[in-house]
file model.txt (compact mmCIF, C-alpha atoms)
# COMPACT_ATOMS: atom_id res chain seq x y z
CA MET X 1 61.40 105.86 82.98
CA LYS X 2 63.29 102.76 81.88
CA ARG X 3 63.75 104.24 78.44
CA PHE X 4 65.15 107.41 79.97
CA LEU X 5 67.60 105.41 82.09
CA ARG X 6 68.74 103.42 79.07
CA GLN X 7 69.30 106.62 77.09
CA LEU X 8 71.13 108.19 80.03
CA LEU X 9 73.35 105.13 80.39
CA PHE X 10 74.06 105.15 76.65
CA PHE X 11 74.94 108.84 76.83
CA LEU X 12 77.20 108.36 79.85
CA SER X 13 78.86 105.13 78.72
CA PRO X 14 81.82 106.84 76.97
CA VAL X 15 82.47 108.91 80.10
CA LEU X 16 82.23 105.85 82.34
CA LEU X 17 84.51 103.88 80.04
CA LEU X 18 87.06 106.68 79.99
CA GLY X 19 86.88 106.91 83.77
CA ALA X 20 87.40 103.16 84.16
CA ILE X 21 90.41 103.21 81.82
CA SER X 22 91.88 106.17 83.67
CA GLU X 23 91.37 104.42 87.01
CA TYR X 24 93.17 101.35 85.69
CA LEU X 25 96.04 103.37 84.30
CA LEU X 26 96.47 105.38 87.51
CA ARG X 27 96.55 102.22 89.62
CA ALA X 28 99.12 100.71 87.27
CA ILE X 29 101.62 103.52 87.92
CA PRO X 30 104.42 102.22 90.19
CA ASN X 31 104.37 103.97 93.58
CA ASP X 32 106.00 103.78 97.01
CA TYR X 33 103.01 102.08 98.60
CA LYS X 34 103.03 99.18 96.15
CA LEU X 35 106.82 99.00 96.42
CA LYS X 36 106.83 98.82 100.21
CA LYS X 37 103.95 96.36 100.38
CA ALA X 38 105.79 94.04 97.99
CA TYR X 39 108.90 94.23 100.16
CA LEU X 40 107.01 93.60 103.39
CA ASP X 41 105.09 90.72 101.80
CA ALA X 42 108.36 89.06 100.81
CA HIS X 43 110.74 90.04 103.63
CA ALA X 44 108.78 90.88 106.79
CA SER X 45 110.17 87.80 108.52
CA GLN X 46 113.76 89.00 107.95
CA ILE X 47 113.39 92.51 109.36
CA GLN X 48 115.02 93.10 112.74
CA VAL X 49 114.59 96.89 112.83
CA LEU X 50 111.39 98.41 111.46
CA CYS X 51 110.91 102.11 110.86
CA LEU X 52 107.37 103.51 110.82
CA GLY X 53 106.07 107.06 110.95
CA ASN X 54 105.68 110.13 108.79
CA SER X 55 108.00 112.09 106.51
CA HIS X 56 110.40 112.75 109.38
CA ALA X 57 111.20 109.04 109.34
CA TYR X 58 110.84 108.68 105.57
CA TYR X 59 113.58 111.25 105.00
CA GLY X 60 115.32 110.89 108.35
CA ILE X 61 116.12 107.18 108.75
CA ASN X 62 118.33 105.50 106.18
CA PRO X 63 118.46 101.74 106.89
CA ARG X 64 121.82 101.51 105.12
CA TYR X 65 123.38 102.96 108.28
CA LEU X 66 121.69 100.58 110.70
CA SER X 67 123.72 97.58 111.87
CA LEU X 68 120.83 95.10 111.85
CA PRO X 69 118.62 94.07 108.89
CA SER X 70 116.24 97.02 108.64
CA TYR X 71 113.47 98.51 106.55
CA ASN X 72 111.82 101.93 106.42
CA ALA X 73 108.05 101.44 106.10
CA SER X 74 107.15 105.07 106.77
CA HIS X 75 105.21 107.29 104.38
CA ILE X 76 104.64 111.01 103.99
CA SER X 77 101.95 112.23 106.46
CA GLN X 78 101.47 108.73 107.87
CA SER X 79 99.73 109.30 111.20
CA VAL X 80 100.20 106.99 114.18
CA ASN X 81 96.82 105.28 113.73
CA LEU X 82 98.06 104.16 110.30
CA ASP X 83 101.34 103.03 111.85
CA LEU X 84 99.26 100.80 114.08
CA LYS X 85 97.24 99.41 111.17
CA LEU X 86 100.37 98.74 109.15
CA PHE X 87 102.04 96.99 112.07
CA ASP X 88 98.90 94.92 112.69
CA LYS X 89 98.81 93.81 109.06
CA TYR X 90 102.26 92.22 109.29
CA ARG X 91 102.66 91.56 113.01
CA ASP X 92 102.51 87.78 112.70
CA ARG X 93 105.19 87.89 110.00
CA PHE X 94 107.60 90.06 112.01
CA SER X 95 109.11 86.94 113.55
CA GLN X 96 112.65 88.40 113.84
CA LEU X 97 111.68 91.94 114.79
CA HIS X 98 113.74 93.36 117.68
CA TYR X 99 113.23 97.12 117.37
CA LEU X 100 110.66 99.62 116.16
CA LEU X 101 111.86 103.15 115.39
CA LEU X 102 109.10 105.75 115.44
CA PRO X 103 109.26 109.56 115.27
CA VAL X 104 107.14 111.60 117.65
CA SER X 105 106.81 114.93 115.92
CA TYR X 106 105.26 118.25 116.90
CA ALA X 107 102.04 117.28 115.06
CA SER X 108 102.00 113.57 115.93
CA PHE X 109 99.02 113.87 118.30
CA THR X 110 97.06 116.45 116.34
CA LEU X 111 97.39 115.33 112.71
CA ASN X 112 95.14 112.45 111.73
CA LEU X 113 95.63 111.86 108.00
CA GLU X 114 91.94 111.14 107.40
CA ASN X 115 90.99 114.54 108.84
CA SER X 116 93.78 116.50 107.21
CA GLU X 117 94.21 118.44 103.97
CA GLU X 118 96.11 115.43 102.66
CA SER X 119 93.28 112.97 103.28
CA TRP X 120 93.53 112.01 99.59
CA ARG X 121 96.50 109.89 100.60
CA ILE X 122 94.21 107.48 102.48
CA LYS X 123 93.32 105.76 99.20
CA ASN X 124 96.91 104.51 99.00
CA TYR X 125 96.42 102.42 102.13
CA ALA X 126 93.05 101.08 100.98
CA LEU X 127 94.08 100.34 97.38
CA TYR X 128 97.64 99.11 97.81
CA TYR X 129 97.92 97.80 101.38
CA GLY X 130 94.35 96.58 101.71
CA ILE X 131 93.99 98.56 104.96
CA LYS X 132 90.43 99.59 105.73
CA PRO X 133 89.98 103.34 106.36
CA ASP X 134 88.06 104.52 109.41
CA ARG X 135 85.48 106.28 107.21
CA ALA X 136 83.45 104.55 104.51
CA ASP X 137 84.15 107.09 101.78
CA LEU X 138 84.09 105.98 98.14
CA SER X 139 86.98 108.31 97.30
CA ASN X 140 89.19 106.24 99.62
CA TYR X 141 88.92 103.37 97.14
CA SER X 142 89.47 105.24 93.89
CA GLU X 143 92.43 107.02 92.32
CA MET X 144 90.09 109.06 90.13
CA LEU X 145 87.86 110.22 92.97
CA ALA X 146 90.61 110.91 95.48
CA ASN X 147 92.22 113.71 93.44
CA LYS X 148 91.04 116.49 91.18
CA LEU X 149 90.86 115.82 87.44
CA ASP X 150 93.77 118.10 86.58
CA ILE X 151 96.04 116.30 89.06
CA ASN X 152 95.10 112.89 87.65
CA LEU X 153 95.68 114.08 84.09
CA LEU X 154 99.08 115.43 85.10
CA ARG X 155 99.99 112.10 86.71
CA LEU X 156 98.94 110.17 83.62
CA SER X 157 100.90 112.49 81.37
CA SER X 158 103.99 112.48 83.60
CA TYR X 159 104.23 108.70 83.71
CA TYR X 160 102.88 107.47 80.37
CA LEU X 161 104.08 110.31 78.14
CA GLN X 162 107.18 111.60 79.94
CA GLY X 163 108.27 108.42 81.72
CA LYS X 164 108.51 110.06 85.14
CA PRO X 165 108.01 107.50 87.95
CA GLU X 166 106.18 108.24 91.20
CA ILE X 167 108.59 106.20 93.30
CA THR X 168 110.77 108.34 95.57
CA SER X 169 112.19 105.66 97.89
CA ASP X 170 115.07 103.26 97.42
CA GLU X 171 115.14 99.52 98.08
CA THR X 172 115.45 100.12 101.84
CA GLY X 173 112.33 102.32 101.92
CA PHE X 174 114.33 105.53 102.49
CA GLY X 175 113.10 108.69 100.73
CA THR X 176 115.67 109.90 98.23
CA ASN X 177 114.27 113.13 96.80
CA TYR X 178 115.17 115.50 99.67
CA SER X 179 118.66 116.10 98.41
CA SER X 180 121.27 118.45 99.83
CA SER X 181 121.73 119.78 96.30
CA ILE X 182 118.34 121.50 96.57
CA LYS X 183 118.52 124.78 98.47
CA ILE X 184 115.52 126.07 100.43
CA ASP X 185 115.29 129.23 102.53
CA LEU X 186 115.31 127.64 105.98
CA GLU X 187 114.37 130.87 107.76
CA SER X 188 111.10 131.51 105.94
CA ASP X 189 110.28 127.83 105.58
CA GLY X 190 110.54 127.33 109.33
CA ILE X 191 107.87 129.95 110.00
CA THR X 192 105.55 128.55 107.34
CA ALA X 193 105.99 124.93 108.40
CA ALA X 194 105.50 125.66 112.11
CA ARG X 195 102.24 127.47 111.38
CA ARG X 196 101.07 124.64 109.13
CA HIS X 197 101.76 122.04 111.82
CA THR X 198 100.19 124.02 114.68
CA ALA X 199 96.76 122.54 115.38
CA LYS X 200 93.54 124.53 115.54
CA ASP X 201 92.16 122.03 118.03
CA PHE X 202 93.04 118.76 119.77
CA ARG X 203 90.05 116.72 118.60
CA ASP X 204 92.24 113.86 117.30
CA LEU X 205 94.44 113.68 120.40
CA PRO X 206 92.52 110.85 122.13
CA LEU X 207 92.46 108.68 118.98
CA LEU X 208 96.13 109.17 118.16
CA ARG X 209 97.28 108.76 121.75
CA GLN X 210 95.27 105.56 122.01
CA ALA X 211 96.74 104.28 118.73
CA LEU X 212 100.28 104.81 120.01
CA GLN X 213 99.35 103.17 123.31
CA GLU X 214 98.06 100.09 121.45
CA LEU X 215 101.13 99.97 119.23
CA LEU X 216 103.44 100.06 122.25
CA ASP X 217 101.35 97.41 124.00
CA GLU X 218 101.57 95.10 120.99
CA CYS X 219 105.32 95.60 120.73
CA GLY X 220 105.68 94.84 124.43
CA GLN X 221 103.73 91.62 124.07
CA ARG X 222 106.04 90.59 121.24
CA HIS X 223 109.22 91.61 123.11
CA VAL X 224 109.94 94.33 120.55
CA ARG X 225 111.78 97.35 121.90
CA VAL X 226 110.45 100.72 120.75
CA ILE X 227 112.62 103.78 120.28
CA LEU X 228 110.55 106.95 120.06
CA PHE X 229 112.42 110.04 118.93
CA MET X 230 111.69 113.71 118.41
CA PRO X 231 113.29 114.52 115.03
CA PRO X 232 115.71 117.42 114.64
CA ALA X 233 114.41 120.74 113.34
CA TYR X 234 116.04 123.98 112.26
CA VAL X 235 115.93 126.86 114.71
CA SER X 236 113.43 128.89 112.64
CA TYR X 237 110.94 126.02 112.98
CA ARG X 238 111.58 125.47 116.68
CA ASP X 239 111.20 129.16 117.51
CA HIS X 240 107.68 129.29 116.08
CA LEU X 241 106.19 126.20 117.71
CA ASN X 242 103.22 126.53 120.02
CA GLN X 243 104.53 125.65 123.47
CA ALA X 244 101.24 124.16 124.67
CA GLN X 245 101.13 121.76 121.71
CA LEU X 246 104.78 120.82 122.13
CA ASP X 247 104.28 120.23 125.86
CA THR X 248 101.30 117.98 125.08
CA VAL X 249 103.52 115.83 122.87
CA LEU X 250 106.35 115.63 125.39
CA ASN X 251 104.05 114.96 128.36
CA THR X 252 102.22 112.23 126.45
CA VAL X 253 105.46 110.53 125.45
CA THR X 254 106.89 110.83 128.95
CA HIS X 255 103.82 109.08 130.37
CA LEU X 256 104.00 106.29 127.77
CA VAL X 257 107.69 105.69 128.45
CA GLN X 258 107.04 105.52 132.20
CA THR X 259 104.28 102.95 131.73
CA HIS X 260 106.10 100.70 129.22
CA ASP X 261 109.27 98.79 130.07
CA ARG X 262 110.53 98.38 126.52
CA VAL X 263 110.12 101.95 125.32
CA THR X 264 112.87 104.58 125.06
CA PHE X 265 112.58 108.23 124.05
CA ARG X 266 115.27 110.47 122.58
CA ASP X 267 114.69 114.18 121.98
CA TYR X 268 116.76 115.44 119.04
CA LEU X 269 114.59 118.50 118.32
CA ALA X 270 117.32 121.00 119.26
CA ASP X 271 120.33 118.69 119.06
CA PRO X 272 123.29 121.02 118.36
CA SER X 273 125.07 118.40 116.26
CA PHE X 274 122.59 119.11 113.43
CA THR X 275 123.48 122.22 111.47
CA ALA X 276 121.89 124.02 108.53
CA SER X 277 123.73 121.79 106.05
CA ASP X 278 121.88 118.77 107.43
CA PHE X 279 118.41 120.08 106.56
CA TYR X 280 116.45 119.88 103.33
CA ASP X 281 113.86 122.24 104.76
CA ALA X 282 113.25 123.54 108.26
CA ASP X 283 111.76 120.32 109.65
CA HIS X 284 113.14 117.62 107.34
CA LEU X 285 116.66 116.28 107.00
CA ASN X 286 118.51 115.77 103.73
CA GLU X 287 120.59 112.67 103.06
CA ARG X 288 123.49 114.05 105.12
CA GLY X 289 121.31 114.75 108.12
CA ALA X 290 119.61 111.37 107.72
CA ARG X 291 122.95 109.61 107.95
CA LYS X 292 123.74 111.50 111.14
CA LEU X 293 120.35 110.76 112.74
CA THR X 294 120.40 107.11 111.69
CA LEU X 295 123.82 106.59 113.22
CA LEU X 296 122.60 108.11 116.48
CA LEU X 297 119.69 105.68 116.51
CA ASP X 298 121.96 102.82 115.49
CA SER X 299 123.93 103.28 118.68
CA LEU X 300 120.74 102.16 120.47
CA VAL X 301 120.04 99.11 118.33
CA ARG X 302 123.40 97.45 117.74
CA ALA X 303 122.64 94.24 119.64
CA PRO X 304 119.45 92.20 119.21
CA ALA X 305 117.03 92.60 122.08
CA THR X 306 116.38 89.66 124.35
CA PRO X 307 113.00 88.81 125.88

call {"tool": "encode", "arguments": {"input": "model.txt", "output": "structure tokens"}}
result
Amino acid sequence: MKRFLRQLLFFLSPVLLLGAISEYLLRAIPNDYKLKKAYLDAHASQIQVLCLGNSHAYYGINPRYLSLPSYNASHISQSVNLDLKLFDKYRDRFSQLHYLLLPVSYASFTLNLENSEESWRIKNYALYYGIKPDRADLSNYSEMLANKLDINLLRLSSYYLQGKPEITSDETGFGTNYSSSIKIDLESDGITAARRHTAKDFRDLPLLRQALQELLDECGQRHVRVILFMPPAYVSYRDHLNQAQLDTVLNTVTHLVQTHDRVTFRDYLADPSFTASDFYDADHLNERGARKLTLLLDSLVRAPATP
């Protein structure tokens, strides 16, 4: 038996070595998670306005248009339980924090990243932020195991052979690749996106609602004002939302605002000031729309909050 194991190990050693090298090379590729962690490690104590949340914040809030020192620490598909974990990681370093900006989207209480089709993104929090996932899954700690082989090979080729970086945010944390120069059919995209974001069940509602409750509680204890906002969406997206799911979001937020003194909510979902030219796709803003939304939020954060 020992001889067999030695022979098997000898046979597999080239594969294991290749896998280890590939893992190292994948982790060495610059990415938004490493970039944002480095910024937070160095500058958390200087941030007065922090943006968390999913892609609606990533592409919707541009700190350049905020009056106070700000940073966008959101990520694509970042669910509210991860917002809480990220905030907890740096909470003792947020010594100057006055405001937290957080989107409350149509899928905010039904989309838990770990249970979603994009669960492969969880490894970014474990590997680059050092945030422990809820599930003890080996793939959450490995670039190679988190994605399919063809995707990893494409990433290696794109960066090491073609020089294409994986960073899509600027020095303020704002996502820069949803440009107004790219044209998407907003009508058809709205239908597709609304269907994709409509939940089959509400199994993650208690967990996500509790995570937001804890985040608001922590902010209240630290005298941090929270501005929750429903991001703008194009009419084709709004018209295909499930009313029961949307009502669940709005009722949950209404309750949280009523039970927390330092929490404000603004609903921009159907704000008429946002037109087709402001959208990258049916539920995400481009850089023009982001400027408009950020300035609206800035009107709420111009003066530092006082305890």

call {"tool": "residues_around", "arguments": {"input": "model.txt", "residues": "X:Arg266", "least_positions_apart": "5", "cutoff": "12 Å", "atoms": "all atoms listed in the file", "output": "JSON, numbers by chain"}}
result
{"X": [101, 102, 103, 104, 105, 226, 227, 228, 229, 230, 231, 232, 250, 253, 254, 257, 271, 293, 296, 297, 299, 300]}

call {"tool": "write_last_selection", "arguments": {"input": "model.txt", "atoms": "C-alpha atoms", "output": "PDB file, in the frame of the given file"}}
result
ATOM      1  CA  LEU X 101     111.860 103.150 115.390  1.00  0.00           C
ATOM      2  CA  LEU X 102     109.100 105.750 115.440  1.00  0.00           C
ATOM      3  CA  PRO X 103     109.260 109.560 115.270  1.00  0.00           C
ATOM      4  CA  VAL X 104     107.140 111.600 117.650  1.00  0.00           C
ATOM      5  CA  SER X 105     106.810 114.930 115.920  1.00  0.00           C
ATOM      6  CA  VAL X 226     110.450 100.720 120.750  1.00  0.00           C
ATOM      7  CA  ILE X 227     112.620 103.780 120.280  1.00  0.00           C
ATOM      8  CA  LEU X 228     110.550 106.950 120.060  1.00  0.00           C
ATOM      9  CA  PHE X 229     112.420 110.040 118.930  1.00  0.00           C
ATOM     10  CA  MET X 230     111.690 113.710 118.410  1.00  0.00           C
ATOM     11  CA  PRO X 231     113.290 114.520 115.030  1.00  0.00           C
ATOM     12  CA  PRO X 232     115.710 117.420 114.640  1.00  0.00           C
ATOM     13  CA  LEU X 250     106.350 115.630 125.390  1.00  0.00           C
ATOM     14  CA  VAL X 253     105.460 110.530 125.450  1.00  0.00           C
ATOM     15  CA  THR X 254     106.890 110.830 128.950  1.00  0.00           C
ATOM     16  CA  VAL X 257     107.690 105.690 128.450  1.00  0.00           C
ATOM     17  CA  ASP X 271     120.330 118.690 119.060  1.00  0.00           C
ATOM     18  CA  LEU X 293     120.350 110.760 112.740  1.00  0.00           C
ATOM     19  CA  LEU X 296     122.600 108.110 116.480  1.00  0.00           C
ATOM     20  CA  LEU X 297     119.690 105.680 116.510  1.00  0.00           C
ATOM     21  CA  SER X 299     123.930 103.280 118.680  1.00  0.00           C
ATOM     22  CA  LEU X 300     120.740 102.160 120.470  1.00  0.00           C
TER      23      LEU X 300
END

call {"tool": "closest_residue", "arguments": {"input": "model.txt", "among": "X:Leu50, X:Leu207, X:Leu26, X:Ile191", "to": "X:Ile151", "atoms": "only C-alpha atoms"}}
result
X:Leu26

call {"tool": "closest_residue", "arguments": {"input": "model.txt", "among": "X:Ser55, X:Thr110, X:Phe94, X:Tyr237", "to": "X:Asp201", "atoms": "only C-alpha atoms"}}
result
X:Thr110

call {"tool": "closest_atom_pairs", "arguments": {"input": "model.txt", "of": "stretch 103-135 of chain X", "to": "stretch 82-92 of chain X", "cutoff": "9 Å", "atoms": "only C-alpha atoms", "output": "JSON lines"}}
result
{"residue": "X:Asn112", "atom": "CA", "partner": "X:Leu82", "partner_atom": "CA", "distance": 8.9}
{"residue": "X:Leu113", "atom": "CA", "partner": "X:Leu82", "partner_atom": "CA", "distance": 8.4}
{"residue": "X:Tyr125", "atom": "CA", "partner": "X:Leu82", "partner_atom": "CA", "distance": 8.5}
{"residue": "X:Tyr129", "atom": "CA", "partner": "X:Leu86", "partner_atom": "CA", "distance": 8.2}
{"residue": "X:Ile131", "atom": "CA", "partner": "X:Lys85", "partner_atom": "CA", "distance": 7.1}
{"residue": "X:Lys132", "atom": "CA", "partner": "X:Lys85", "partner_atom": "CA", "distance": 8.7}

call {"tool": "residues_near_point", "arguments": {"input": "model.txt", "point": "(90.9, 113.2, 119.6)", "cutoff": "12 Å", "atoms": "only C-alpha atoms", "output": "PyMOL selection string"}}
result
chain X and resi 81+108-112+115+199+201-211

call {"tool": "atom_distance", "arguments": {"input": "model.txt", "atom1": "atom CA of X:Ala233", "atom2": "atom CA of X:Thr259"}}
result
27.5 Å

call {"tool": "residues_around", "arguments": {"input": "model.txt", "residues": "X:Ile61", "least_positions_apart": "5", "cutoff": "12 Å", "atoms": "only C-alpha atoms", "output": "JSON, numbers by chain"}}
result
{"X": [49, 50, 51, 52, 53, 54, 55, 56, 66, 70, 71, 72, 73, 74, 75, 100, 101, 102, 103, 169, 172, 173, 174, 175, 176, 229, 231, 232, 284, 285, 286, 287, 288, 289, 290, 291, 292, 293, 294, 295, 296, 297, 298]}

call {"tool": "build_atoms", "arguments": {"input": "model.txt", "residues": "stretch 253-270 of chain X", "atoms": "N, CA, C and O atoms", "output": "CSV table (one decimal), in the coordinates of the input"}}
result
chain,number,residue,atom,x,y,z
X,253,VAL,N,104.4,111.5,125.6
X,253,VAL,CA,105.5,110.5,125.4
X,253,VAL,C,106.1,110.1,126.8
X,253,VAL,O,106.4,109.0,127.0
X,254,THR,N,106.3,111.1,127.6
X,254,THR,CA,106.9,110.8,129.0
X,254,THR,C,106.0,109.8,129.7
X,254,THR,O,106.6,108.9,130.3
X,255,HIS,N,104.7,110.0,129.7
X,255,HIS,CA,103.8,109.1,130.4
X,255,HIS,C,103.9,107.7,129.8
X,255,HIS,O,104.0,106.7,130.5
X,256,LEU,N,103.9,107.6,128.4
X,256,LEU,CA,104.0,106.3,127.8
X,256,LEU,C,105.3,105.6,128.1
X,256,LEU,O,105.3,104.3,128.3
X,257,VAL,N,106.4,106.3,128.1
X,257,VAL,CA,107.7,105.7,128.4
X,257,VAL,C,107.7,105.2,129.9
X,257,VAL,O,108.2,104.1,130.2
X,258,GLN,N,107.1,105.9,130.8
X,258,GLN,CA,107.0,105.5,132.2
X,258,GLN,C,106.2,104.3,132.4
X,258,GLN,O,106.4,103.6,133.4
X,259,THR,N,105.2,104.1,131.5
X,259,THR,CA,104.3,103.0,131.7
X,259,THR,C,104.6,101.8,130.8
X,259,THR,O,103.8,100.8,130.8
X,260,HIS,N,105.7,101.8,130.1
X,260,HIS,CA,106.1,100.7,129.2
X,260,HIS,C,107.6,100.4,129.4
X,260,HIS,O,108.4,101.3,129.3
X,261,ASP,N,107.9,99.2,129.7
X,261,ASP,CA,109.3,98.8,130.1
X,261,ASP,C,110.2,98.8,128.9
X,261,ASP,O,111.4,99.1,129.0
X,262,ARG,N,109.7,98.5,127.7
X,262,ARG,CA,110.5,98.4,126.5
X,262,ARG,C,110.5,99.6,125.6
X,262,ARG,O,110.8,99.5,124.4
X,263,VAL,N,110.2,100.7,126.1
X,263,VAL,CA,110.1,102.0,125.3
X,263,VAL,C,111.1,103.0,125.8
X,263,VAL,O,111.3,103.3,127.0
X,264,THR,N,111.9,103.5,124.8
X,264,THR,CA,112.9,104.6,125.1
X,264,THR,C,112.5,105.8,124.2
X,264,THR,O,112.0,105.7,123.1
X,265,PHE,N,112.8,107.0,124.8
X,265,PHE,CA,112.6,108.2,124.0
X,265,PHE,C,113.9,109.1,124.0
X,265,PHE,O,114.6,109.2,125.0
X,266,ARG,N,114.1,109.6,122.8
X,266,ARG,CA,115.3,110.5,122.6
X,266,ARG,C,114.8,111.8,121.9
X,266,ARG,O,114.1,111.7,120.9
X,267,ASP,N,115.1,112.9,122.5
X,267,ASP,CA,114.7,114.2,122.0
X,267,ASP,C,115.8,114.8,121.2
X,267,ASP,O,116.8,115.3,121.8
X,268,TYR,N,115.7,114.8,119.9
X,268,TYR,CA,116.8,115.4,119.0
X,268,TYR,C,116.3,116.8,118.5
X,268,TYR,O,117.0,117.3,117.6
X,269,LEU,N,115.2,117.3,118.9
X,269,LEU,CA,114.6,118.5,118.3
X,269,LEU,C,115.6,119.6,118.2
X,269,LEU,O,115.7,120.3,117.1
X,270,ALA,N,116.3,119.9,119.3
X,270,ALA,CA,117.3,121.0,119.3
X,270,ALA,C,118.7,120.5,119.4
X,270,ALA,O,119.6,121.2,119.9
